[in-house]
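Engineer: Hey, dropping work09.csv in here, CSV, C-alpha atoms:
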chain,number,residue,atom,x,y,z
A,1,MET,CA,13.7,-103.2,-86.7
A,2,ILE,CA,16.6,-105.3,-85.2
A,3,GLU,CA,16.5,-108.9,-86.5
A,4,ILE,CA,17.9,-111.6,-84.2
A,5,LYS,CA,19.7,-114.1,-86.4
A,6,HIS,CA,23.1,-114.9,-84.9
A,7,PRO,CA,23.2,-117.4,-81.9
A,8,LYS,CA,25.3,-114.8,-79.9
A,9,ASP,CA,22.5,-112.2,-80.4
A,10,LEU,CA,19.9,-114.7,-79.2
A,11,THR,CA,22.0,-115.5,-76.1
A,12,ARG,CA,22.2,-111.8,-75.3
A,13,LEU,CA,18.5,-111.4,-75.8
A,14,ARG,CA,17.9,-114.2,-73.4
A,15,ARG,CA,20.1,-112.6,-70.8
A,16,LEU,CA,18.3,-109.4,-71.3
A,17,ALA,CA,15.1,-111.3,-70.4
A,18,LEU,CA,16.5,-113.0,-67.4
A,19,SER,CA,18.5,-110.3,-65.8
A,20,PRO,CA,15.6,-107.9,-65.0
A,21,GLN,CA,13.8,-110.9,-63.5
A,22,GLY,CA,16.6,-111.3,-61.0
A,23,LEU,CA,17.5,-114.8,-62.3
A,24,LEU,CA,21.1,-114.3,-63.2
A,25,GLN,CA,22.5,-112.6,-60.1
A,26,ALA,CA,23.1,-114.2,-56.7
A,27,GLN,CA,21.1,-111.6,-54.7
A,28,PRO,CA,19.7,-109.0,-57.1
A,29,PHE,CA,17.2,-107.6,-54.6
A,30,GLY,CA,19.0,-108.2,-51.3
A,31,ARG,CA,18.3,-110.8,-48.6
A,32,GLY,CA,15.5,-111.8,-46.3
A,33,LEU,CA,12.5,-109.6,-45.7
A,34,ALA,CA,14.1,-106.4,-47.3
A,35,GLY,CA,15.0,-108.5,-50.3
A,36,ALA,CA,11.5,-109.9,-50.6
A,37,ARG,CA,10.0,-106.4,-50.4
A,38,ALA,CA,12.4,-105.1,-53.1
A,39,ALA,CA,11.6,-108.1,-55.3
A,40,VAL,CA,7.9,-107.5,-55.3
A,41,ASN,CA,8.4,-103.8,-55.9
A,42,HIS,CA,10.6,-104.5,-58.9
A,43,LEU,CA,8.6,-107.5,-60.4
A,44,GLY,CA,5.3,-105.7,-60.1
A,45,TYR,CA,3.4,-108.7,-58.8
A,46,VAL,CA,4.0,-112.2,-57.4
A,47,GLN,CA,1.2,-114.6,-58.3
A,48,LEU,CA,-0.7,-116.4,-55.5
A,49,ASP,CA,-1.8,-120.0,-56.0
A,50,THR,CA,-3.4,-122.7,-53.9
A,51,ILE,CA,-1.5,-125.7,-55.2
A,52,SER,CA,0.8,-127.1,-52.4
A,53,VAL,CA,2.5,-130.1,-54.0
A,54,VAL,CA,5.6,-128.2,-53.2
A,55,GLU,CA,5.9,-124.8,-51.5
A,56,ARG,CA,3.2,-122.4,-52.8
A,57,ALA,CA,3.9,-120.3,-55.9
A,58,HIS,CA,4.2,-116.9,-54.1
A,59,HIS,CA,6.8,-118.3,-51.7
A,60,HIS,CA,8.6,-120.2,-54.5
A,61,VAL,CA,9.0,-117.1,-56.7
A,62,LEU,CA,10.6,-115.1,-53.9
A,63,TYR,CA,12.8,-118.1,-52.8
A,64,SER,CA,14.2,-118.2,-56.4
A,65,ARG,CA,15.4,-114.6,-56.1
A,66,VAL,CA,16.0,-113.8,-52.5
A,67,PRO,CA,18.6,-115.5,-50.3
A,68,LYS,CA,17.4,-116.2,-46.7
A,69,PHE,CA,13.7,-115.9,-47.8
A,70,GLU,CA,11.2,-117.6,-45.5
A,71,PRO,CA,7.6,-118.3,-46.4
A,72,ALA,CA,6.4,-116.4,-43.3
A,73,MET,CA,7.8,-113.2,-44.8
A,74,THR,CA,4.9,-112.8,-47.3
A,75,SER,CA,2.5,-112.5,-44.3
A,76,GLN,CA,4.9,-110.0,-42.8
A,77,LEU,CA,4.9,-107.9,-45.9
A,78,LEU,CA,1.1,-107.7,-45.7
A,79,LEU,CA,1.2,-106.8,-42.0
A,80,ASP,CA,3.8,-104.2,-42.7
A,81,LYS,CA,1.6,-102.8,-45.5
A,82,ASP,CA,4.4,-103.1,-48.0
A,83,VAL,CA,2.2,-105.1,-50.4
A,84,PHE,CA,-1.5,-105.7,-50.9
A,85,GLU,CA,-3.5,-108.5,-52.4
A,86,TYR,CA,-5.5,-108.1,-55.5
A,87,TRP,CA,-6.0,-109.2,-59.1
A,88,SER,CA,-3.4,-108.4,-61.8
A,89,HIS,CA,-3.7,-111.1,-64.5
A,90,ALA,CA,-4.4,-113.4,-61.6
A,91,ALA,CA,-4.6,-113.2,-57.8
A,92,ALA,CA,-1.3,-111.7,-56.7
A,93,LEU,CA,0.7,-109.8,-54.1
A,94,LEU,CA,1.3,-106.3,-55.5
A,95,PRO,CA,3.4,-103.3,-54.3
A,96,ILE,CA,1.4,-101.0,-52.1
A,97,THR,CA,2.6,-98.1,-54.1
A,98,ASP,CA,0.7,-99.4,-57.1
A,99,PHE,CA,-2.6,-99.4,-55.3
A,100,ARG,CA,-4.2,-96.7,-57.4
A,101,PHE,CA,-3.8,-99.0,-60.5
A,102,SER,CA,-6.1,-101.5,-58.9
A,103,LEU,CA,-8.9,-98.9,-58.8
A,104,PRO,CA,-10.2,-99.1,-62.4
A,105,TYR,CA,-10.9,-102.9,-62.1
A,106,LYS,CA,-12.5,-102.4,-58.7
A,107,HIS,CA,-14.7,-99.7,-60.2
A,108,THR,CA,-15.9,-102.0,-63.0
A,109,ILE,CA,-16.7,-104.8,-60.5
A,110,LYS,CA,-18.7,-102.3,-58.3
A,111,SER,CA,-20.5,-101.1,-61.5
A,112,GLY,CA,-21.7,-104.6,-62.3
A,113,LYS,CA,-19.0,-106.5,-64.1
A,114,THR,CA,-18.9,-110.2,-63.1
A,115,HIS,CA,-15.5,-111.5,-61.8
A,116,TRP,CA,-16.4,-114.7,-59.9
A,117,TYR,CA,-20.1,-114.5,-59.0
A,118,LYS,CA,-23.2,-113.3,-60.8
A,119,ASN,CA,-26.0,-111.6,-58.9
A,120,PRO,CA,-24.1,-110.7,-55.6
A,121,ASP,CA,-26.2,-110.7,-52.4
A,122,LYS,CA,-26.3,-107.0,-51.7
A,123,LYS,CA,-28.1,-107.5,-48.4
A,124,LEU,CA,-25.6,-110.0,-47.1
A,125,MET,CA,-22.8,-107.8,-48.3
A,126,GLY,CA,-24.2,-104.9,-46.3
A,127,GLU,CA,-24.5,-107.0,-43.2
A,128,LEU,CA,-20.9,-108.3,-43.5
A,129,LEU,CA,-19.5,-104.8,-44.1
A,130,ALA,CA,-21.4,-103.4,-41.1
A,131,ARG,CA,-20.1,-106.3,-38.9
A,132,ILE,CA,-16.4,-105.7,-40.0
A,133,ASN,CA,-16.8,-102.0,-39.6
A,134,SER,CA,-18.1,-102.2,-36.1
A,135,ASP,CA,-16.3,-105.4,-34.7
A,136,GLY,CA,-13.0,-105.4,-36.6
A,137,PRO,CA,-11.3,-107.7,-39.1
A,138,LEU,CA,-12.9,-111.0,-40.0
A,139,ARG,CA,-11.1,-114.2,-41.0
A,140,SER,CA,-12.4,-116.4,-43.7
A,141,ARG,CA,-12.3,-119.3,-41.2
A,142,ASP,CA,-14.7,-117.4,-39.0
A,143,LEU,CA,-17.4,-118.1,-41.6
A,144,GLU,CA,-16.8,-121.9,-41.5
A,145,THR,CA,-19.5,-123.5,-39.5
A,146,ASN,CA,-21.1,-126.9,-39.0
A,147,THR,CA,-23.3,-127.1,-42.0
A,148,THR,CA,-25.7,-129.6,-40.3
A,149,LYS,CA,-27.0,-126.7,-38.1
A,150,PRO,CA,-29.1,-123.8,-39.4
A,151,VAL,CA,-26.8,-120.8,-39.4
A,152,GLY,CA,-28.8,-118.2,-41.4
A,153,TRP,CA,-26.6,-115.7,-43.2
A,154,TRP,CA,-23.5,-117.2,-41.6
A,155,ASP,CA,-23.9,-120.1,-44.0
A,156,TRP,CA,-20.3,-120.4,-45.4
A,157,LYS,CA,-20.8,-120.4,-49.1
A,158,PRO,CA,-23.1,-117.2,-49.5
A,159,ALA,CA,-21.0,-115.4,-46.8
A,160,LYS,CA,-17.7,-116.3,-48.5
A,161,LYS,CA,-19.1,-115.1,-51.9
A,162,ALA,CA,-20.2,-111.9,-50.3
A,163,LEU,CA,-16.8,-111.3,-48.7
A,164,GLU,CA,-15.0,-111.9,-52.0
A,165,GLN,CA,-17.3,-109.6,-53.8
A,166,LEU,CA,-16.6,-106.8,-51.2
A,167,TYR,CA,-12.9,-107.5,-51.6
A,168,MET,CA,-13.0,-107.5,-55.4
A,169,GLN,CA,-14.9,-104.2,-55.6
A,170,GLY,CA,-12.6,-102.5,-53.1
A,171,ASP,CA,-14.6,-102.1,-49.9
A,172,LEU,CA,-12.4,-104.7,-48.1
A,173,MET,CA,-8.8,-105.5,-48.3
A,174,VAL,CA,-6.8,-108.5,-47.0
A,175,SER,CA,-5.0,-107.4,-43.9
A,176,ASN,CA,-3.3,-110.7,-43.1
A,177,ARG,CA,-2.9,-114.2,-44.4
A,178,GLU,CA,-2.2,-117.5,-42.6
A,179,GLY,CA,-1.6,-120.1,-45.3
A,180,PHE,CA,-4.7,-119.6,-47.5
A,181,GLN,CA,-6.8,-118.3,-44.6
A,182,LYS,CA,-7.3,-114.6,-45.3
A,183,THR,CA,-8.3,-111.8,-42.9
A,184,TYR,CA,-10.5,-109.1,-44.3
A,185,ASP,CA,-10.7,-105.5,-43.0
A,186,MET,CA,-12.1,-102.2,-44.1
A,187,THR,CA,-10.0,-100.7,-46.9
A,188,GLU,CA,-9.6,-97.4,-45.0
A,189,ARG,CA,-8.1,-99.2,-42.0
A,190,VAL,CA,-5.7,-101.3,-44.1
A,191,LEU,CA,-4.4,-98.7,-46.6
A,192,PRO,CA,-1.6,-96.4,-45.3
A,193,SER,CA,-2.6,-92.8,-45.3
A,194,HIS,CA,0.2,-91.7,-47.6
A,195,ILE,CA,-0.8,-94.0,-50.5
A,196,ASP,CA,-2.3,-92.3,-53.6
A,197,GLU,CA,-5.9,-93.2,-54.0
A,198,SER,CA,-6.7,-91.1,-57.1
A,199,MET,CA,-8.2,-92.9,-60.1
A,200,PRO,CA,-5.6,-93.1,-62.9
A,201,SER,CA,-6.5,-91.9,-66.4
A,202,ILE,CA,-6.3,-94.5,-69.1
A,203,GLU,CA,-3.1,-92.8,-70.3
A,204,GLU,CA,-1.5,-93.0,-66.9
A,205,PHE,CA,-2.5,-96.7,-66.6
A,206,ALA,CA,-1.0,-97.4,-70.1
A,207,ALA,CA,2.3,-95.7,-69.1
A,208,HIS,CA,2.4,-97.7,-65.9
A,209,MET,CA,1.9,-101.0,-67.7
A,210,LEU,CA,4.5,-100.2,-70.4
A,211,ASP,CA,7.1,-99.0,-67.9
A,212,GLN,CA,6.5,-101.9,-65.5
A,213,GLN,CA,6.8,-104.6,-68.2
A,214,LEU,CA,10.0,-103.1,-69.7
A,215,ARG,CA,11.5,-102.8,-66.2
A,216,CYS,CA,10.9,-106.4,-65.1
A,217,HIS,CA,11.1,-108.2,-68.4
A,218,GLY,CA,13.6,-106.2,-70.4
A,219,PHE,CA,11.3,-106.3,-73.5
A,220,ALA,CA,7.7,-107.2,-74.3
A,221,SER,CA,5.4,-108.0,-77.2
A,222,LEU,CA,2.4,-105.7,-77.7
A,223,LYS,CA,0.2,-108.6,-76.5
A,224,GLY,CA,2.4,-109.3,-73.5
A,225,LEU,CA,2.2,-105.7,-72.3
A,226,THR,CA,-1.4,-106.2,-71.3
A,227,TYR,CA,-1.2,-109.9,-70.6
A,228,LEU,CA,-4.7,-111.3,-69.8
A,229,ARG,CA,-6.1,-107.9,-69.1
A,230,ARG,CA,-9.4,-107.9,-71.0
A,231,ASN,CA,-9.7,-104.1,-71.3
A,232,PRO,CA,-10.0,-103.0,-74.9
A,233,GLU,CA,-9.6,-99.3,-73.9
A,234,LEU,CA,-6.3,-100.1,-72.0
A,235,ARG,CA,-5.0,-102.1,-74.9
A,236,LYS,CA,-5.7,-99.3,-77.4
A,237,ALA,CA,-4.0,-96.8,-75.1
A,238,VAL,CA,-0.9,-99.0,-74.7
A,239,LYS,CA,-0.6,-99.5,-78.4
A,240,THR,CA,-0.9,-95.7,-79.0
A,241,LEU,CA,1.8,-95.0,-76.4
A,242,VAL,CA,4.1,-97.6,-77.9
A,243,ASN,CA,3.7,-96.1,-81.3
A,244,GLU,CA,4.4,-92.6,-79.9
A,245,ARG,CA,7.6,-93.8,-78.2
A,246,LEU,CA,8.7,-95.6,-81.3
A,247,ALA,CA,8.3,-92.4,-83.3
A,248,GLN,CA,10.2,-90.5,-80.6
A,249,GLY,CA,13.0,-93.0,-80.8
A,250,THR,CA,12.9,-93.9,-77.1
A,251,LEU,CA,11.7,-97.4,-78.0
A,252,GLU,CA,12.8,-99.8,-80.7
A,253,GLN,CA,11.7,-103.2,-82.0
A,254,VAL,CA,13.4,-106.5,-82.2
A,255,GLN,CA,12.3,-109.6,-84.2
A,256,VAL,CA,13.2,-113.2,-83.5
A,257,SER,CA,13.3,-116.1,-85.9
A,258,SER,CA,9.6,-117.1,-85.2
A,259,GLY,CA,8.6,-113.7,-86.6
A,260,GLU,CA,7.4,-112.4,-83.2
A,261,VAL,CA,8.2,-108.7,-82.6
A,262,PHE,CA,9.2,-107.3,-79.2
A,263,ILE,CA,9.5,-103.7,-77.9
A,264,LEU,CA,12.4,-102.6,-75.8
A,265,GLU,CA,14.1,-99.3,-74.8
A,266,THR,CA,16.5,-98.0,-77.4
A,267,GLY,CA,20.0,-99.3,-76.7
A,268,ALA,CA,18.9,-101.9,-74.2
A,269,LEU,CA,20.7,-104.7,-76.1
A,270,GLU,CA,24.0,-102.8,-75.6
A,271,ARG,CA,23.8,-102.5,-71.9
A,272,PRO,CA,26.1,-104.4,-69.6
A,273,LEU,CA,24.5,-107.7,-68.4
A,274,PRO,CA,25.5,-110.2,-65.7
A,275,ARG,CA,27.6,-113.1,-66.9
A,276,LEU,CA,26.2,-116.6,-67.0
A,277,ASN,CA,27.1,-118.8,-64.1
A,278,ASN,CA,26.7,-122.5,-63.3
A,279,ARG,CA,23.9,-122.1,-60.8
A,280,MET,CA,20.7,-124.1,-61.7
A,281,LEU,CA,17.3,-122.7,-60.6
A,282,ILE,CA,14.2,-124.8,-60.0
A,283,LEU,CA,11.4,-122.4,-60.8
A,284,SER,CA,7.7,-122.3,-60.1
A,285,PRO,CA,5.2,-123.0,-62.9
A,286,PHE,CA,3.8,-119.6,-62.0
A,287,ASP,CA,7.1,-117.8,-62.0
A,288,ASN,CA,7.0,-114.4,-63.6
A,289,SER,CA,9.6,-115.5,-66.1
A,290,VAL,CA,7.6,-118.4,-67.5
A,291,ILE,CA,4.0,-117.3,-67.1
A,292,GLN,CA,3.8,-115.9,-70.7
A,293,ARG,CA,4.1,-119.2,-72.6
A,294,ASP,CA,4.2,-117.7,-76.1
A,295,ARG,CA,7.1,-115.4,-75.1
A,296,LEU,CA,8.9,-118.3,-73.5
A,297,ARG,CA,8.6,-120.4,-76.7
A,298,ALA,CA,9.6,-117.5,-78.9
A,299,ILE,CA,12.7,-116.5,-76.9
A,300,PHE,CA,13.9,-119.7,-75.3
A,301,ASP,CA,12.5,-122.3,-77.7
A,302,TYR,CA,11.0,-123.9,-74.5
A,303,ASP,CA,7.5,-125.4,-74.9
A,304,TYR,CA,6.1,-125.5,-71.5
A,305,GLN,CA,2.7,-126.3,-70.1
A,306,ILE,CA,1.6,-126.9,-66.5
A,307,GLU,CA,-0.2,-130.3,-66.7
A,308,CYS,CA,-2.2,-130.3,-63.4
A,309,TYR,CA,-5.2,-129.2,-65.4
A,310,VAL,CA,-4.6,-131.9,-68.0
A,311,PRO,CA,-6.3,-135.3,-67.6
A,312,ALA,CA,-3.8,-137.8,-66.1
A,313,ALA,CA,-3.7,-140.0,-69.2
A,314,LYS,CA,-2.7,-137.1,-71.4
A,315,ARG,CA,0.1,-135.8,-69.3
A,316,GLN,CA,3.5,-135.9,-70.9
A,317,TYR,CA,5.8,-134.8,-68.0
A,318,GLY,CA,3.7,-135.0,-64.9
A,319,TYR,CA,1.2,-133.2,-62.6
A,320,PHE,CA,3.2,-130.2,-61.5
A,321,CYS,CA,6.5,-129.9,-63.5
A,322,LEU,CA,8.9,-127.3,-62.4
A,323,PRO,CA,11.0,-125.5,-65.1
A,324,LEU,CA,14.8,-125.9,-64.8
A,325,LEU,CA,17.0,-122.9,-65.7
A,326,TYR,CA,20.7,-123.3,-66.3
A,327,ARG,CA,23.2,-121.0,-67.9
A,328,GLY,CA,20.6,-118.7,-69.5
A,329,GLU,CA,18.5,-121.6,-70.9
A,330,PHE,CA,15.5,-123.6,-69.9
A,331,ILE,CA,17.1,-127.0,-70.0
A,332,GLY,CA,14.5,-129.3,-68.4
A,333,ARG,CA,11.6,-129.8,-66.1
A,334,MET,CA,11.0,-131.8,-62.9
A,335,ASP,CA,7.8,-133.3,-61.5
A,336,CYS,CA,8.1,-133.7,-57.8
A,337,LYS,CA,6.1,-133.8,-54.5
A,338,ALA,CA,7.1,-132.8,-51.0
A,339,HIS,CA,5.9,-135.4,-48.5
A,340,ARG,CA,5.7,-133.2,-45.4
A,341,LYS,CA,4.9,-135.8,-42.9
A,342,THR,CA,8.0,-137.8,-43.7
A,343,SER,CA,10.2,-134.7,-44.7
A,344,HIS,CA,10.8,-136.4,-48.1
A,345,LEU,CA,11.0,-134.9,-51.5
A,346,GLU,CA,10.0,-137.4,-54.2
A,347,ILE,CA,11.2,-136.6,-57.8
A,348,LYS,CA,8.7,-138.5,-59.8
A,349,SER,CA,10.3,-137.6,-63.1
A,350,LEU,CA,13.2,-135.5,-64.3
A,351,HIS,CA,13.4,-134.5,-67.9
A,352,PHE,CA,16.3,-132.7,-69.5
A,353,GLU,CA,15.6,-131.3,-73.0
A,354,GLN,CA,16.6,-133.9,-75.6
A,355,HIS,CA,18.0,-131.3,-78.0
A,356,LEU,CA,20.9,-130.6,-75.6
A,357,PHE,CA,22.3,-134.0,-76.2
A,358,GLU,CA,23.9,-135.8,-79.2
A,359,GLN,CA,25.4,-139.2,-79.5
A,360,THR,CA,29.2,-139.2,-80.0
A,361,THR,CA,31.5,-142.1,-80.5
A,362,PHE,CA,32.2,-142.6,-76.8
A,363,LYS,CA,29.2,-141.3,-74.9
A,364,PRO,CA,26.3,-138.9,-75.1
A,365,SER,CA,27.4,-135.4,-74.3
A,366,ILE,CA,25.8,-131.9,-74.1
A,367,LYS,CA,26.6,-130.1,-77.2
A,368,LYS,CA,26.1,-126.5,-76.4
A,369,SER,CA,29.1,-124.3,-75.4
A,370,GLY,CA,29.7,-124.2,-71.7
A,371,PHE,CA,27.6,-127.4,-71.0
A,372,ASP,CA,28.9,-130.8,-70.0
A,373,GLU,CA,27.3,-133.7,-68.1
A,374,ASP,CA,29.5,-133.3,-65.0
A,375,SER,CA,28.7,-129.6,-64.6
A,376,LEU,CA,25.0,-130.2,-65.3
A,377,ILE,CA,24.7,-132.9,-62.7
A,378,ALA,CA,26.7,-131.0,-60.1
A,379,ALA,CA,24.5,-128.0,-60.7
A,380,PHE,CA,21.4,-130.1,-60.3
A,381,ILE,CA,22.6,-131.6,-57.1
A,382,ASN,CA,23.3,-128.2,-55.6
A,383,ALA,CA,19.9,-127.0,-56.7
A,384,ILE,CA,18.0,-129.9,-55.4
A,385,THR,CA,19.8,-129.7,-52.1
A,386,GLU,CA,18.8,-126.1,-51.6
A,387,PHE,CA,15.3,-126.8,-52.9
A,388,SER,CA,14.8,-129.7,-50.5
A,389,HIS,CA,15.8,-127.5,-47.6
A,390,PHE,CA,13.3,-124.9,-48.8
A,391,GLN,CA,10.6,-127.7,-48.7
A,392,LYS,CA,11.8,-128.7,-45.2
A,393,CYS,CA,12.7,-132.1,-46.6
A,394,ASP,CA,15.8,-134.0,-45.5
A,395,SER,CA,15.7,-136.8,-48.1
A,396,VAL,CA,15.2,-137.1,-51.8
A,397,SER,CA,14.3,-140.0,-54.2
A,398,LEU,CA,14.3,-140.2,-57.9
A,399,THR,CA,11.9,-142.5,-59.8
A,400,GLN,CA,12.9,-141.8,-63.4
A,401,ALA,CA,15.0,-139.5,-65.5
A,402,TYR,CA,15.4,-138.6,-69.2
A,403,PRO,CA,17.5,-139.1,-71.2
A,404,LYS,CA,17.7,-142.6,-69.8
A,405,HIS,CA,21.5,-142.8,-69.9
A,406,LEU,CA,21.6,-140.2,-67.0
A,407,GLU,CA,19.3,-142.1,-64.8
A,408,GLN,CA,21.7,-144.5,-63.1
A,409,ARG,CA,24.3,-141.8,-62.6
A,410,LEU,CA,21.7,-139.4,-61.0
A,411,HIS,CA,20.5,-142.3,-58.8
A,412,SER,CA,24.1,-142.9,-57.6
A,413,VAL,CA,24.9,-139.3,-56.9
A,414,LEU,CA,21.6,-138.7,-55.1
A,415,ASP,CA,22.0,-141.9,-53.0
A,416,ALA,CA,25.5,-140.8,-52.0
A,417,HIS,CA,24.6,-137.2,-51.4
A,418,CYS,CA,23.8,-136.1,-47.9
A,419,LEU,CA,21.3,-133.2,-47.7
A,420,ASP,CA,22.5,-132.1,-44.4
Rewrite the coordinates I just gave you, this time as structure tokens.

Structural biologist:
Amino acid sequence: MIEIKHPKDLTRLRRLALSPQGLLQAQPFGRGLAGARAAVNHLGYVQLDTISVVERAHHHVLYSRVPKFEPAMTSQLLLDKDVFEYWSHAAALLPITDFRFSLPYKHTIKSGKTHWYKNPDKKLMGELLARINSDGPLRSRDLETNTTKPVGWWDWKPAKKALEQLYMQGDLMVSNREGFQKTYDMTERVLPSHIDESMPSIEEFAAHMLDQQLRCHGFASLKGLTYLRRNPELRKAVKTLVNERLAQGTLEQVQVSSGEVFILETGALERPLPRLNNRMLILSPFDNSVIQRDRLRAIFDYDYQIECYVPAAKRQYGYFCLPLLYRGEFIGRMDCKAHRKTSHLEIKSLHFEQHLFEQTTFKPSIKKSGFDEDSLIAAFINAITEFSHFQKCDSVSLTQAYPKHLEQRLHSVLDAHCLD
């Protein structure tokens, strides 16, 4: 067991977490469509989410890692059959080469497990499946009708439920997506012929999960290896495999100050890692690097919660705060909204972590090595400029910032800064 006690060791562990995520390098996966394809393949999934206060999560995650990424590229990846949509720990884009690992859950849904809806309408499902089989792909919008008219089985809600059930149990796949309008088609027409469709054994599934998590996260807790997968048999198989590899010496364990233990490949902490740079990243709340909140707290001492599901009166930071990553640390969060009709990005609140600052004789300054206010503000301005362009916004406003002594300076810099 390696114990992480020295600050330098913790810094290295953090870099080991961020580097496999593609958050320390300028273009770790390449650029444009090819870079987006490589990013999904490496990360293992990109979460889909409907919230559109800023650009949706699946676009945002790829933007953070892939220069020249455009939102239309996710639809192109589907059309090119490089990725498919299904459930991992949540709705996600997944590498098409991982298709067979979606089969166990599809099988359990078809065998009666409830995902969204109880008591699926088998008759309606059969009618929809026959329609798609004979007439071709069906868009979800094709089911939307004027509800004041009698429409029989075309009534939207039952038909939508039936479509989703067919999708979740594997009879249908999403062949295209326009925004959040999905097009469904028969699985055999969507899935490329060369893709392995064999059902994995539980041991194969466990090895896939372990290898994937170590590849894209650098290290993982035993709980994190099967994050939100409610499959006791899979969890048991993963634990058995981890113990086998620990005994073989191909894996080792590391313990952080909180007491949490992580598994990593032997020698991983000694590998060359990218140096830290002064680029700030504005991440999605659903970013792969922050979605496991317990891990985030244990490794980065960053207590993060998305507050859109919290009653407004109880929110501390705002409706949809975005994590800020700078020089290997999560140093703040920003609640903002893209007003698309006016091409304006409103920063409702900007919070930098209070522990970064200390009061000196002359002025507050950032106390950690490599940090200073000028560099921090310059990095933020560069980040918000790029982020605004990604949101198709040509102006930015700031309502409030914390610590308060930074607010006026940030106002001045933003007012003087031209986003063009």

Engineer: Could you state the separation of atom CA of A:Glu307 and atom CA of A:Pro323 in Å, given to one decimal place?

Structural biologist: 12.3 Å

Engineer: Between atom CA of A:Leu143 and atom CA of A:Trp116, what is the distance in Å, rounded to a tenth?

Structural biologist: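 Interatomic distance here is 18.6 Å.
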
Engineer: Smallest atom-to-atom distance to A:Pro285: which of A:Ser201, A:Gln47, A:Gln400, A:Thr226, using only C-alpha atoms?

Structural biologist: A:Gln47

Engineer: At a cut-off of 8 Å around the point (-5.7, -103.4, -46.7) (file coordinates), what residues fall inside when counting all atoms listed in the file? I'd like the answer as a CSV table (one decimal) with C-alpha atoms, in the frame of the given file.

Structural biologist:
chain,number,residue,atom,x,y,z
A,81,LYS,CA,1.6,-102.8,-45.5
A,84,PHE,CA,-1.5,-105.7,-50.9
A,85,GLU,CA,-3.5,-108.5,-52.4
A,172,LEU,CA,-12.4,-104.7,-48.1
A,173,MET,CA,-8.8,-105.5,-48.3
A,174,VAL,CA,-6.8,-108.5,-47.0
A,175,SER,CA,-5.0,-107.4,-43.9
A,184,TYR,CA,-10.5,-109.1,-44.3
A,185,ASP,CA,-10.7,-105.5,-43.0
A,186,MET,CA,-12.1,-102.2,-44.1
A,187,THR,CA,-10.0,-100.7,-46.9
A,188,GLU,CA,-9.6,-97.4,-45.0
A,189,ARG,CA,-8.1,-99.2,-42.0
A,190,VAL,CA,-5.7,-101.3,-44.1
A,191,LEU,CA,-4.4,-98.7,-46.6

Engineer: Rounded to one decimal place, report the atom CA of A:Gly22-atom CA of A:Val83 distance in Å.

Structural biologist: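 Computing it gives 18.9 Å between the two atoms.
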
Engineer: Please determine, counting all atoms listed in the file, which residue among A:Leu410, A:Ala38, A:Leu93, A:Ile51 has the shortest atom-to-atom distance to A:Ile306.

Structural biologist: A:Ile51
